[in-house]
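These notes concern the structure reproduced below.
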Amino acid sequence: MKAGTSVIFLPCRDIEKTRHFYHEILGLPIEQKQGDNLYIFDTGYGYWGFVQYHDGRSPLSGPQGVCLSLNLKDDQAVLQHYEELKDCCEVFREPLKHQDFPVFSFFLKDPDGYLVEYQNVWEV
């Protein structure tokens, strides 16, 4: 069986801060809102869902946490997004070529500490 699309659901502390970051700052369209504690964002490749659970669940961020990557068409697009976002987001790492992978990217941190990567994967 082949799935049509996929959604990754991640816990967050404050759904409104998360909505603001992903929709207002990064510009991801809201695919769906469910109640007052869940948003699903369209990345163009699939969906990221964020949920403010009411059971005390913590975000999966931190050194061993989750990295959410957005793939771009070339290095120039990576640099363009960096220039647009560097002054309004917490930059975790500036644009550079990865040492171990054929990837050029930069990383931001969202309000819960999730790493958001804008990348261009080079053909090898």
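Going by the structure tokens order, chains are called A, B, ..., each with residues numbered from 1, while ligands are numbered from 1 in the order shown.
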Test item: residues at most 8 Å from stretch 81-84 of chain A, only C-alpha atoms, excluding those fewer than 6 positions along its chain, as JSON, numbers by chain: {"A": [94, 95, 106, 118]}
Write the selection just made, keeping C-alpha atoms, as a PDB file, in the first residue's frame?
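Contents of the output file out30.pdb:
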```
ATOM      1  CA  GLU A  94      24.916  29.901   9.332  1.00  0.00           C
ATOM      2  CA  PRO A  95      24.987  28.581   5.736  1.00  0.00           C
ATOM      3  CA  PHE A 106      21.646  26.606   7.526  1.00  0.00           C
ATOM      4  CA  TYR A 118      16.923  25.011   4.852  1.00  0.00           C
TER       5      TYR A 118
END
```
Just list the residues in chain A DSSP gives helix (DSSP H, G or I) on the backbone, as a PyMOL selection string. chain A and resi 15-25+75-85
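Counting only C-alpha atoms and comparing A:Thr5, A:Thr18, A:Gln64, A:Gln76, the residue that lies closest to A:Phe50 is A:Thr18.
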Quick one: everything within 9 Å of stretch 24-32 of chain A, counting only C-alpha atoms, minus sequence neighbours fewer than 3 positions away in the same chain. Send it as a VMD selection string. chain A and resid 19 to 21 38 to 44 47 49 85 88 to 89
List every residue of stretch 12-72 of chain A that DSSP, applied to the backbone of this structure, assigns to strand (DSSP E or B), and report them as a PyMOL selection string. chain A and resi 30-34+38-42+47-51+67-71
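Atom CA of A:Gly46 to atom CA of A:Val116 spans 14.9 Å [interatomic distance, one decimal].
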Option closest in space to A:Glu117, from A:Met1, A:Val7, A:Ile15, A:Val78 [counting only C-alpha atoms]: A:Val78
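With distances taken over only C-alpha atoms, A:Glu90 is the one residue among A:Glu90, A:Tyr45, A:Lys2, A:Asn71 lying closest to A:Gly113.
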